[in-house]
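Listing of target.txt, compact mmCIF, N, CA and C atoms and all ligand atoms
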# COMPACT_ATOMS: atom_id res chain seq x y z
N MET A 133 85.52 128.01 93.51
CA MET A 133 86.70 127.39 94.14
C MET A 133 86.34 125.98 94.61
N PRO A 134 87.14 125.00 94.24
CA PRO A 134 86.77 123.63 94.64
C PRO A 134 86.90 123.43 96.14
N ASP A 135 86.02 122.65 96.67
CA ASP A 135 86.05 122.34 98.09
C ASP A 135 87.23 121.40 98.37
N PRO A 136 88.18 121.83 99.20
CA PRO A 136 89.37 121.01 99.43
C PRO A 136 89.09 119.70 100.15
N ARG A 137 87.96 119.62 100.82
CA ARG A 137 87.64 118.39 101.56
C ARG A 137 86.88 117.40 100.70
N ARG A 138 86.60 117.78 99.49
CA ARG A 138 85.77 116.95 98.63
C ARG A 138 86.54 115.70 98.20
N PHE A 139 85.82 114.61 98.13
CA PHE A 139 86.42 113.37 97.66
C PHE A 139 86.34 113.29 96.14
N MET A 140 87.40 112.80 95.58
CA MET A 140 87.47 112.66 94.12
C MET A 140 87.40 111.19 93.73
N LYS A 141 86.77 110.95 92.62
CA LYS A 141 86.74 109.60 92.06
C LYS A 141 87.93 109.44 91.11
N MET A 142 88.23 108.20 90.83
CA MET A 142 89.31 107.90 89.89
C MET A 142 89.14 108.68 88.58
N GLU A 143 87.94 108.66 88.05
CA GLU A 143 87.70 109.31 86.75
C GLU A 143 88.01 110.82 86.83
N GLU A 144 87.68 111.40 87.97
CA GLU A 144 87.92 112.84 88.13
C GLU A 144 89.40 113.15 88.23
N MET A 145 90.13 112.28 88.91
CA MET A 145 91.56 112.49 89.04
C MET A 145 92.23 112.38 87.67
N VAL A 146 91.81 111.39 86.90
CA VAL A 146 92.37 111.19 85.56
C VAL A 146 92.07 112.42 84.70
N GLU A 147 90.83 112.86 84.76
CA GLU A 147 90.39 113.97 83.93
C GLU A 147 91.12 115.27 84.28
N GLU A 148 91.25 115.51 85.57
CA GLU A 148 91.86 116.77 86.01
C GLU A 148 93.35 116.83 85.80
N SER A 149 94.00 115.69 86.03
CA SER A 149 95.47 115.70 86.04
C SER A 149 96.05 115.21 84.72
N GLY A 150 95.28 114.43 83.96
CA GLY A 150 95.82 113.83 82.75
C GLY A 150 96.71 112.63 83.05
N ILE A 151 96.76 112.24 84.31
CA ILE A 151 97.54 111.06 84.71
C ILE A 151 96.64 109.83 84.56
N SER A 152 97.17 108.78 83.97
CA SER A 152 96.33 107.62 83.70
C SER A 152 96.06 106.81 84.96
N ARG A 153 94.98 106.06 84.92
CA ARG A 153 94.63 105.23 86.07
C ARG A 153 95.66 104.13 86.32
N PHE A 154 96.45 103.84 85.30
CA PHE A 154 97.48 102.81 85.45
C PHE A 154 98.67 103.33 86.25
N THR A 155 98.74 104.64 86.36
CA THR A 155 99.73 105.26 87.25
C THR A 155 99.11 105.50 88.61
N LEU A 156 97.86 105.90 88.61
CA LEU A 156 97.20 106.24 89.87
C LEU A 156 96.93 105.01 90.73
N MET A 157 96.53 103.93 90.09
CA MET A 157 96.13 102.73 90.83
C MET A 157 97.27 102.16 91.70
N PRO A 158 98.46 101.93 91.12
CA PRO A 158 99.54 101.43 91.98
C PRO A 158 99.91 102.40 93.10
N ALA A 159 99.83 103.68 92.82
CA ALA A 159 100.14 104.68 93.86
C ALA A 159 99.15 104.55 95.02
N LEU A 160 97.90 104.30 94.71
CA LEU A 160 96.88 104.10 95.74
C LEU A 160 97.13 102.80 96.50
N GLN A 161 97.39 101.75 95.74
CA GLN A 161 97.56 100.43 96.36
C GLN A 161 98.78 100.37 97.26
N GLU A 162 99.81 101.11 96.88
CA GLU A 162 101.04 101.12 97.67
C GLU A 162 101.00 102.17 98.77
N GLY A 163 99.97 102.99 98.77
CA GLY A 163 99.81 103.97 99.82
C GLY A 163 100.57 105.26 99.60
N ARG A 164 101.21 105.38 98.42
CA ARG A 164 101.91 106.63 98.13
C ARG A 164 100.90 107.75 97.95
N LEU A 165 99.80 107.40 97.33
CA LEU A 165 98.67 108.32 97.23
C LEU A 165 97.62 107.82 98.22
N HIS A 166 97.27 108.69 99.16
CA HIS A 166 96.35 108.29 100.22
C HIS A 166 94.90 108.30 99.71
N GLY A 167 94.30 107.15 99.72
CA GLY A 167 92.91 107.05 99.31
C GLY A 167 92.16 106.11 100.24
N ILE A 168 90.86 106.09 100.06
CA ILE A 168 90.00 105.26 100.89
C ILE A 168 89.18 104.33 100.01
N GLN A 169 89.14 103.09 100.41
CA GLN A 169 88.32 102.10 99.72
C GLN A 169 87.30 101.60 100.73
N HIS A 170 86.04 101.78 100.43
CA HIS A 170 85.02 101.40 101.41
C HIS A 170 84.85 99.89 101.48
N VAL A 171 85.07 99.22 100.39
CA VAL A 171 85.04 97.76 100.38
C VAL A 171 86.29 97.28 99.65
N PRO A 172 86.80 96.09 100.04
CA PRO A 172 87.96 95.57 99.32
C PRO A 172 87.68 95.49 97.82
N ARG A 173 88.61 95.90 97.02
CA ARG A 173 88.48 95.94 95.56
C ARG A 173 87.40 96.92 95.09
N GLY A 174 86.93 97.73 96.01
CA GLY A 174 85.90 98.72 95.65
C GLY A 174 86.52 99.94 94.99
N LYS A 175 85.68 100.93 94.79
CA LYS A 175 86.16 102.15 94.15
C LYS A 175 86.94 102.99 95.14
N TRP A 176 87.96 103.62 94.62
CA TRP A 176 88.78 104.50 95.45
C TRP A 176 88.15 105.88 95.54
N ARG A 177 88.29 106.47 96.73
CA ARG A 177 87.92 107.85 96.94
C ARG A 177 89.13 108.54 97.53
N VAL A 178 89.46 109.68 96.97
CA VAL A 178 90.65 110.40 97.41
C VAL A 178 90.28 111.84 97.71
N GLU A 179 90.66 112.30 98.87
CA GLU A 179 90.41 113.69 99.20
C GLU A 179 91.23 114.57 98.28
N ARG A 180 90.66 115.68 97.89
CA ARG A 180 91.35 116.59 96.99
C ARG A 180 92.71 117.01 97.56
N THR A 181 92.75 117.29 98.83
CA THR A 181 94.01 117.74 99.44
C THR A 181 95.08 116.65 99.35
N CYS A 182 94.66 115.39 99.49
CA CYS A 182 95.61 114.27 99.41
C CYS A 182 96.14 114.15 97.98
N PHE A 183 95.24 114.29 97.04
CA PHE A 183 95.61 114.17 95.63
C PHE A 183 96.57 115.29 95.24
N GLU A 184 96.27 116.49 95.69
CA GLU A 184 97.13 117.62 95.34
C GLU A 184 98.50 117.49 95.98
N ALA A 185 98.53 116.95 97.20
CA ALA A 185 99.82 116.72 97.86
C ALA A 185 100.64 115.73 97.05
N TRP A 186 100.01 114.65 96.64
CA TRP A 186 100.71 113.62 95.86
C TRP A 186 101.23 114.19 94.53
N LEU A 187 100.43 115.02 93.89
CA LEU A 187 100.83 115.62 92.61
C LEU A 187 102.10 116.45 92.76
N THR A 188 102.25 117.08 93.90
CA THR A 188 103.42 117.93 94.11
C THR A 188 104.56 117.17 94.80
N GLY A 189 104.37 115.86 94.99
CA GLY A 189 105.43 115.04 95.58
C GLY A 189 105.50 115.15 97.10
N GLU A 190 104.46 115.69 97.68
CA GLU A 190 104.42 115.85 99.13
C GLU A 190 103.59 114.73 99.76
N GLU A 191 103.71 114.61 101.07
CA GLU A 191 102.82 113.71 101.79
C GLU A 191 101.59 114.51 102.21
N CYS A 192 100.45 113.86 102.24
CA CYS A 192 99.25 114.56 102.71
C CYS A 192 99.28 114.62 104.22
N SER A 193 98.39 115.41 104.78
CA SER A 193 98.38 115.62 106.24
C SER A 193 98.15 114.30 106.99
N HIS A 194 97.39 113.39 106.39
CA HIS A 194 97.12 112.10 107.04
C HIS A 194 98.39 111.24 107.10
N GLN A 195 99.13 111.25 106.00
CA GLN A 195 100.37 110.46 105.95
C GLN A 195 101.38 111.01 106.94
N LYS A 196 101.45 112.33 107.04
CA LYS A 196 102.37 112.97 107.98
C LYS A 196 101.98 112.60 109.42
N ALA A 197 100.70 112.66 109.70
CA ALA A 197 100.21 112.36 111.04
C ALA A 197 100.52 110.92 111.42
N LYS A 198 100.37 110.03 110.44
CA LYS A 198 100.63 108.61 110.67
C LYS A 198 102.10 108.39 111.01
N LYS A 199 102.95 109.06 110.25
CA LYS A 199 104.40 108.92 110.45
C LYS A 199 104.79 109.44 111.83
N GLU A 200 104.21 110.56 112.21
CA GLU A 200 104.51 111.15 113.51
C GLU A 200 104.04 110.25 114.65
N ALA A 201 102.90 109.63 114.46
CA ALA A 201 102.36 108.73 115.47
C ALA A 201 103.29 107.53 115.66
N LYS A 202 103.85 107.06 114.55
CA LYS A 202 104.75 105.91 114.59
C LYS A 202 106.05 106.26 115.29
N ALA A 203 106.55 107.47 115.02
CA ALA A 203 107.82 107.91 115.57
C ALA A 203 107.71 108.21 117.07
N ALA A 204 106.52 108.55 117.52
CA ALA A 204 106.34 108.93 118.92
C ALA A 204 106.41 107.72 119.86
ZN ZN A 301 95.36 111.96 103.10
Re-express the file's structure as structure tokens.
Ligand SMILES: [Zn+2]
Amino acid sequence: MPDPRRFMKMEEMVEESGISRFTLMPALQEGRLHGIQHVPRGKWRVERTCFEAWLTGEECSHQKAKKEAKAA
């Protein structure tokens, strides 16, 4: 069973989902898909749970928390 907290690389997301990086990249840059970049223009790392949420059209727990913090 895959570790849900594990970070995925771009290549892994492409391989697992069959979604191209040209779709994934704008989603990351626009924040629709929650990812982390350690350095500007660096490689993206995405938690598996965030990626799976995005695949199903949901917000990940981090995005939800952010929205709630803003609304409060
Ligand atoms: Zn997230």
Problem - Which of A:Leu156, A:Val146, A:Val171, A:Cys192 sits closest to ligand ZN 301 (chain A) [using only N, CA and C atoms and all ligand atoms] - result: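 Between A:Leu156, A:Val146, A:Val171, A:Cys192, the residue approaching ligand ZN 301 (chain A) most closely is A:Cys192.
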Problem - Atomic separation - atom CA of A:Arg164 relative to atom N of A:Gly150, Å - result: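 For atom N of A:Gly150 relative to atom CA of A:Arg164, the distance reads 17.5 Å.
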Exercise for the section: One decimal, Å: what's the distance from atom CA of A:Cys182 over to atom CA of A:His194, could you say? Expected result: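 Those two atoms sit 8.1 Å apart.
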Practice task
Go through the chains and note each residue within 7 Å of ligand ZN 301 (chain A), using only N, CA and C atoms and all ligand atoms, then give the set as a PyMOL selection string.
Solution key: chain A and resi 165-167+179+181-183+191-195
Handout entry: Selected residue of minimal separation from A:Thr155 among A:Leu187, A:Ala203, A:Ala197, A:Ile168, counting only C-alpha atoms
Key = A:Leu187
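Atom CA of A:Trp176 is found 8.1 Å from atom CA of A:Leu160.
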Problem - chain A: residues DSSP assigns to strand (DSSP E), reported as a list in words - result: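 Residues meeting the strand (DSSP E) criterion: Phe139, Met140, Lys141, Ile168, Gln169, Trp176, Arg177, Val178 and Glu179 of chain A.
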How would the residues just picked look written out with N, CA and C atoms as a PDB file, in the frame of the given file?
ATOM      1  N   PHE A 139      85.820 114.610  98.130  1.00  0.00           N
ATOM      2  CA  PHE A 139      86.420 113.370  97.660  1.00  0.00           C
ATOM      3  C   PHE A 139      86.340 113.290  96.140  1.00  0.00           C
ATOM      4  N   MET A 140      87.400 112.800  95.580  1.00  0.00           N
ATOM      5  CA  MET A 140      87.470 112.660  94.120  1.00  0.00           C
ATOM      6  C   MET A 140      87.400 111.190  93.730  1.00  0.00           C
ATOM      7  N   LYS A 141      86.770 110.950  92.620  1.00  0.00           N
ATOM      8  CA  LYS A 141      86.740 109.600  92.060  1.00  0.00           C
ATOM      9  C   LYS A 141      87.930 109.440  91.110  1.00  0.00           C
ATOM     10  N   ILE A 168      90.860 106.090 100.060  1.00  0.00           N
ATOM     11  CA  ILE A 168      90.000 105.260 100.890  1.00  0.00           C
ATOM     12  C   ILE A 168      89.180 104.330 100.010  1.00  0.00           C
ATOM     13  N   GLN A 169      89.140 103.090 100.410  1.00  0.00           N
ATOM     14  CA  GLN A 169      88.320 102.100  99.720  1.00  0.00           C
ATOM     15  C   GLN A 169      87.300 101.600 100.730  1.00  0.00           C
ATOM     16  N   TRP A 176      87.960 103.620  94.620  1.00  0.00           N
ATOM     17  CA  TRP A 176      88.780 104.500  95.450  1.00  0.00           C
ATOM     18  C   TRP A 176      88.150 105.880  95.540  1.00  0.00           C
ATOM     19  N   ARG A 177      88.290 106.470  96.730  1.00  0.00           N
ATOM     20  CA  ARG A 177      87.920 107.850  96.940  1.00  0.00           C
ATOM     21  C   ARG A 177      89.130 108.540  97.530  1.00  0.00           C
ATOM     22  N   VAL A 178      89.460 109.680  96.970  1.00  0.00           N
ATOM     23  CA  VAL A 178      90.650 110.400  97.410  1.00  0.00           C
ATOM     24  C   VAL A 178      90.280 111.840  97.710  1.00  0.00           C
ATOM     25  N   GLU A 179      90.660 112.300  98.870  1.00  0.00           N
ATOM     26  CA  GLU A 179      90.410 113.690  99.200  1.00  0.00           C
ATOM     27  C   GLU A 179      91.230 114.570  98.280  1.00  0.00           C
TER      28      GLU A 179
END
Where's the centre, and what are the edge lengths in Å to one decimal, of a box along x, y and z enclosing all listed atoms of stretch 198-201 of chain A padded 6 Å per side, as JSON?
{"center_x": 102.6, "center_y": 109.3, "center_z": 113.0, "size_x": 16.4, "size_y": 15.6, "size_z": 17.4}
Exercise for the section: Can you work out which one of A:Pro172, A:Val178, A:Pro158, A:Arg153 has the shortest atom-to-atom distance to A:Arg138, counting only C-alpha atoms? Expected result: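 With only C-alpha atoms as the atom set, the closest residue is A:Val178.
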Extract the full set of helix (DSSP H, G or I) residues from chain A according to DSSP on the backbone, and format it as a PDB file with N, CA and C atoms, keeping the file's coordinate frame.
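For reference, result.pdb as written:
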ATOM      1  N   MET A 142      88.230 108.200  90.830  1.00  0.00           N
ATOM      2  CA  MET A 142      89.310 107.900  89.890  1.00  0.00           C
ATOM      3  C   MET A 142      89.140 108.680  88.580  1.00  0.00           C
ATOM      4  N   GLU A 143      87.940 108.660  88.050  1.00  0.00           N
ATOM      5  CA  GLU A 143      87.700 109.310  86.750  1.00  0.00           C
ATOM      6  C   GLU A 143      88.010 110.820  86.830  1.00  0.00           C
ATOM      7  N   GLU A 144      87.680 111.400  87.970  1.00  0.00           N
ATOM      8  CA  GLU A 144      87.920 112.840  88.130  1.00  0.00           C
ATOM      9  C   GLU A 144      89.400 113.150  88.230  1.00  0.00           C
ATOM     10  N   MET A 145      90.130 112.280  88.910  1.00  0.00           N
ATOM     11  CA  MET A 145      91.560 112.490  89.040  1.00  0.00           C
ATOM     12  C   MET A 145      92.230 112.380  87.670  1.00  0.00           C
ATOM     13  N   VAL A 146      91.810 111.390  86.900  1.00  0.00           N
ATOM     14  CA  VAL A 146      92.370 111.190  85.560  1.00  0.00           C
ATOM     15  C   VAL A 146      92.070 112.420  84.700  1.00  0.00           C
ATOM     16  N   GLU A 147      90.830 112.860  84.760  1.00  0.00           N
ATOM     17  CA  GLU A 147      90.390 113.970  83.930  1.00  0.00           C
ATOM     18  C   GLU A 147      91.120 115.270  84.280  1.00  0.00           C
ATOM     19  N   GLU A 148      91.250 115.510  85.570  1.00  0.00           N
ATOM     20  CA  GLU A 148      91.860 116.770  86.010  1.00  0.00           C
ATOM     21  C   GLU A 148      93.350 116.830  85.800  1.00  0.00           C
ATOM     22  N   SER A 149      94.000 115.690  86.030  1.00  0.00           N
ATOM     23  CA  SER A 149      95.470 115.700  86.040  1.00  0.00           C
ATOM     24  C   SER A 149      96.050 115.210  84.720  1.00  0.00           C
ATOM     25  N   ARG A 153      94.980 106.060  84.920  1.00  0.00           N
ATOM     26  CA  ARG A 153      94.630 105.230  86.070  1.00  0.00           C
ATOM     27  C   ARG A 153      95.660 104.130  86.320  1.00  0.00           C
ATOM     28  N   PHE A 154      96.450 103.840  85.300  1.00  0.00           N
ATOM     29  CA  PHE A 154      97.480 102.810  85.450  1.00  0.00           C
ATOM     30  C   PHE A 154      98.670 103.330  86.250  1.00  0.00           C
ATOM     31  N   THR A 155      98.740 104.640  86.360  1.00  0.00           N
ATOM     32  CA  THR A 155      99.730 105.260  87.250  1.00  0.00           C
ATOM     33  C   THR A 155      99.110 105.500  88.610  1.00  0.00           C
ATOM     34  N   LEU A 156      97.860 105.900  88.610  1.00  0.00           N
ATOM     35  CA  LEU A 156      97.200 106.240  89.870  1.00  0.00           C
ATOM     36  C   LEU A 156      96.930 105.010  90.730  1.00  0.00           C
ATOM     37  N   MET A 157      96.530 103.930  90.090  1.00  0.00           N
ATOM     38  CA  MET A 157      96.130 102.730  90.830  1.00  0.00           C
ATOM     39  C   MET A 157      97.270 102.160  91.700  1.00  0.00           C
ATOM     40  N   PRO A 158      98.460 101.930  91.120  1.00  0.00           N
ATOM     41  CA  PRO A 158      99.540 101.430  91.980  1.00  0.00           C
ATOM     42  C   PRO A 158      99.910 102.400  93.100  1.00  0.00           C
ATOM     43  N   ALA A 159      99.830 103.680  92.820  1.00  0.00           N
ATOM     44  CA  ALA A 159     100.140 104.680  93.860  1.00  0.00           C
ATOM     45  C   ALA A 159      99.150 104.550  95.020  1.00  0.00           C
ATOM     46  N   LEU A 160      97.900 104.300  94.710  1.00  0.00           N
ATOM     47  CA  LEU A 160      96.880 104.100  95.740  1.00  0.00           C
ATOM     48  C   LEU A 160      97.130 102.800  96.500  1.00  0.00           C
ATOM     49  N   GLN A 161      97.390 101.750  95.740  1.00  0.00           N
ATOM     50  CA  GLN A 161      97.560 100.430  96.360  1.00  0.00           C
ATOM     51  C   GLN A 161      98.780 100.370  97.260  1.00  0.00           C
ATOM     52  N   ARG A 180      90.660 115.680  97.890  1.00  0.00           N
ATOM     53  CA  ARG A 180      91.350 116.590  96.990  1.00  0.00           C
ATOM     54  C   ARG A 180      92.710 117.010  97.560  1.00  0.00           C
ATOM     55  N   THR A 181      92.750 117.290  98.830  1.00  0.00           N
ATOM     56  CA  THR A 181      94.010 117.740  99.440  1.00  0.00           C
ATOM     57  C   THR A 181      95.080 116.650  99.350  1.00  0.00           C
ATOM     58  N   CYS A 182      94.660 115.390  99.490  1.00  0.00           N
ATOM     59  CA  CYS A 182      95.610 114.270  99.410  1.00  0.00           C
ATOM     60  C   CYS A 182      96.140 114.150  97.980  1.00  0.00           C
ATOM     61  N   PHE A 183      95.240 114.290  97.040  1.00  0.00           N
ATOM     62  CA  PHE A 183      95.610 114.170  95.630  1.00  0.00           C
ATOM     63  C   PHE A 183      96.570 115.290  95.240  1.00  0.00           C
ATOM     64  N   GLU A 184      96.270 116.490  95.690  1.00  0.00           N
ATOM     65  CA  GLU A 184      97.130 117.620  95.340  1.00  0.00           C
ATOM     66  C   GLU A 184      98.500 117.490  95.980  1.00  0.00           C
ATOM     67  N   ALA A 185      98.530 116.950  97.200  1.00  0.00           N
ATOM     68  CA  ALA A 185      99.820 116.720  97.860  1.00  0.00           C
ATOM     69  C   ALA A 185     100.640 115.730  97.050  1.00  0.00           C
ATOM     70  N   TRP A 186     100.010 114.650  96.640  1.00  0.00           N
ATOM     71  CA  TRP A 186     100.710 113.620  95.860  1.00  0.00           C
ATOM     72  C   TRP A 186     101.230 114.190  94.530  1.00  0.00           C
ATOM     73  N   LEU A 187     100.430 115.020  93.890  1.00  0.00           N
ATOM     74  CA  LEU A 187     100.830 115.620  92.610  1.00  0.00           C
ATOM     75  C   LEU A 187     102.100 116.450  92.760  1.00  0.00           C
ATOM     76  N   SER A 193      98.390 115.410 104.780  1.00  0.00           N
ATOM     77  CA  SER A 193      98.380 115.620 106.240  1.00  0.00           C
ATOM     78  C   SER A 193      98.150 114.300 106.990  1.00  0.00           C
ATOM     79  N   HIS A 194      97.390 113.390 106.390  1.00  0.00           N
ATOM     80  CA  HIS A 194      97.120 112.100 107.040  1.00  0.00           C
ATOM     81  C   HIS A 194      98.390 111.240 107.100  1.00  0.00           C
ATOM     82  N   GLN A 195      99.130 111.250 106.000  1.00  0.00           N
ATOM     83  CA  GLN A 195     100.370 110.460 105.950  1.00  0.00           C
ATOM     84  C   GLN A 195     101.380 111.010 106.940  1.00  0.00           C
ATOM     85  N   LYS A 196     101.450 112.330 107.040  1.00  0.00           N
ATOM     86  CA  LYS A 196     102.370 112.970 107.980  1.00  0.00           C
ATOM     87  C   LYS A 196     101.980 112.600 109.420  1.00  0.00           C
ATOM     88  N   ALA A 197     100.700 112.660 109.700  1.00  0.00           N
ATOM     89  CA  ALA A 197     100.210 112.360 111.040  1.00  0.00           C
ATOM     90  C   ALA A 197     100.520 110.920 111.420  1.00  0.00           C
ATOM     91  N   LYS A 198     100.370 110.030 110.440  1.00  0.00           N
ATOM     92  CA  LYS A 198     100.630 108.610 110.670  1.00  0.00           C
ATOM     93  C   LYS A 198     102.100 108.390 111.010  1.00  0.00           C
ATOM     94  N   LYS A 199     102.950 109.060 110.250  1.00  0.00           N
ATOM     95  CA  LYS A 199     104.400 108.920 110.450  1.00  0.00           C
ATOM     96  C   LYS A 199     104.790 109.440 111.830  1.00  0.00           C
ATOM     97  N   GLU A 200     104.210 110.560 112.210  1.00  0.00           N
ATOM     98  CA  GLU A 200     104.510 111.150 113.510  1.00  0.00           C
ATOM     99  C   GLU A 200     104.040 110.250 114.650  1.00  0.00           C
ATOM    100  N   ALA A 201     102.900 109.630 114.460  1.00  0.00           N
ATOM    101  CA  ALA A 201     102.360 108.730 115.470  1.00  0.00           C
ATOM    102  C   ALA A 201     103.290 107.530 115.660  1.00  0.00           C
ATOM    103  N   LYS A 202     103.850 107.060 114.550  1.00  0.00           N
ATOM    104  CA  LYS A 202     104.750 105.910 114.590  1.00  0.00           C
ATOM    105  C   LYS A 202     106.050 106.260 115.290  1.00  0.00           C
ATOM    106  N   ALA A 203     106.550 107.470 115.020  1.00  0.00           N
ATOM    107  CA  ALA A 203     107.820 107.910 115.570  1.00  0.00           C
ATOM    108  C   ALA A 203     107.710 108.210 117.070  1.00  0.00           C
TER     109      ALA A 203
END
